[in-house]
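Note sheet for the following structure.
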Amino acid sequence: MQRELLVRSGEEADIASLRKDAGRWLRARREKLGLSQRDLARLVNTEYYTFISQIEAGRGRVPADRLIFWARALDVNPREFATTLMQYYDPHTYRLIFCEDNKVVD
């Protein structure tokens, strides 16, 4: 039981780290386009710009039903946007779908 808790704690730390990495990637895209958090919130039809801040800080995720709007706002192909975020938000599924023997499948 103790070992299981330690493994879960490590996994939770990894998840938190990956979410922060996703947030940094999103912030870099937004800044590259010269958008403020308020601008992005307006483009993705989010009432509060603080939601953008939370996602960029790794304290939340882009909702799956809003991926297309975020992709368009950040000028990224929607499929590329979704698969990039999947690497951060759901790395196990990403590896199952896109990797073969630890190599990305073309």
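The way I read the labels, and the way they are meant: chains A, B, ... in the order of the structure tokens, residue 1 as the first residue of every chain, and ligand 1 as the first ligand shown, with later ones counted on from there.
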I need the residues in region 20-58 of chain A that are helix (DSSP H, G or I) according to DSSP; give them as a short mmCIF file (atom, residue, chain, number, x, y, z; two decimals) with C-alpha atoms, in the first residue's frame.
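What landed in result_24.cif:
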data_model
loop_
_atom_site.label_atom_id
_atom_site.label_comp_id
_atom_site.auth_asym_id
_atom_site.auth_seq_id
_atom_site.Cartn_x
_atom_site.Cartn_y
_atom_site.Cartn_z
CA LYS A 20 3.05 23.28 -16.62
CA ASP A 21 4.94 22.38 -19.79
CA ALA A 22 1.67 22.55 -21.75
CA GLY A 23 0.98 25.94 -20.23
CA ARG A 24 4.41 27.20 -21.26
CA TRP A 25 3.83 25.97 -24.82
CA LEU A 26 0.44 27.69 -24.97
CA ARG A 27 1.85 30.94 -23.54
CA ALA A 28 4.70 30.90 -26.05
CA ARG A 29 2.20 30.50 -28.94
CA ARG A 30 0.05 33.31 -27.58
CA GLU A 31 3.01 35.65 -27.07
CA LYS A 32 4.42 34.82 -30.52
CA GLN A 37 -4.52 36.83 -22.15
CA ARG A 38 -7.59 39.05 -22.53
CA ASP A 39 -7.28 38.85 -26.33
CA LEU A 40 -7.07 35.08 -26.24
CA ALA A 41 -10.00 34.82 -23.81
CA ARG A 42 -12.11 36.85 -26.23
CA LEU A 43 -11.03 34.72 -29.22
CA TYR A 49 -9.00 36.00 -18.88
CA THR A 50 -7.94 34.51 -15.54
CA PHE A 51 -8.97 31.13 -17.01
CA ILE A 52 -6.20 31.61 -19.59
CA SER A 53 -3.78 32.43 -16.79
CA GLN A 54 -4.72 29.26 -14.90
CA ILE A 55 -4.18 27.07 -17.95
CA GLU A 56 -0.85 28.72 -18.75
#
If I take CA of Val44 (chain A) and CA of Arg66 (chain A), how far is one from the other in Å, to one decimal?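 CA of Arg66 (chain A) lies 7.5 Å from CA of Val44 (chain A).
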DSSP says strand (DSSP E or B) for which residues of chain A? Put them as a ChimeraX atom specification? /A:99-100,103-104
I'd like the neighbourhood of Ile15 (chain A) as an mmCIF file with N, CA and C atoms, in the first residue's frame, where a residue qualifies if any of its atoms comes within 9 Å (using only C-alpha atoms), though same-chain residues fewer than 5 positions away should be ignored.
data_model
loop_
_atom_site.group_PDB
_atom_site.id
_atom_site.type_symbol
_atom_site.label_atom_id
_atom_site.label_comp_id
_atom_site.auth_asym_id
_atom_site.auth_seq_id
_atom_site.Cartn_x
_atom_site.Cartn_y
_atom_site.Cartn_z
ATOM 1 N N GLY A 10 4.427 10.135 -7.343
ATOM 2 C CA GLY A 10 5.348 10.417 -8.441
ATOM 3 C C GLY A 10 4.613 10.701 -9.728
ATOM 4 N N LYS A 20 2.282 22.020 -16.583
ATOM 5 C CA LYS A 20 3.047 23.280 -16.618
ATOM 6 C C LYS A 20 3.756 23.435 -17.956
ATOM 7 N N TYR A 88 0.993 16.244 -23.533
ATOM 8 C CA TYR A 88 1.100 16.781 -22.180
ATOM 9 C C TYR A 88 -0.012 16.282 -21.263
ATOM 10 N N TYR A 89 -1.232 16.278 -21.749
ATOM 11 C CA TYR A 89 -2.385 15.967 -20.916
ATOM 12 C C TYR A 89 -2.636 14.471 -20.759
ATOM 13 N N ASP A 90 -2.284 13.684 -21.742
ATOM 14 C CA ASP A 90 -2.551 12.252 -21.722
ATOM 15 C C ASP A 90 -1.417 11.503 -22.432
#
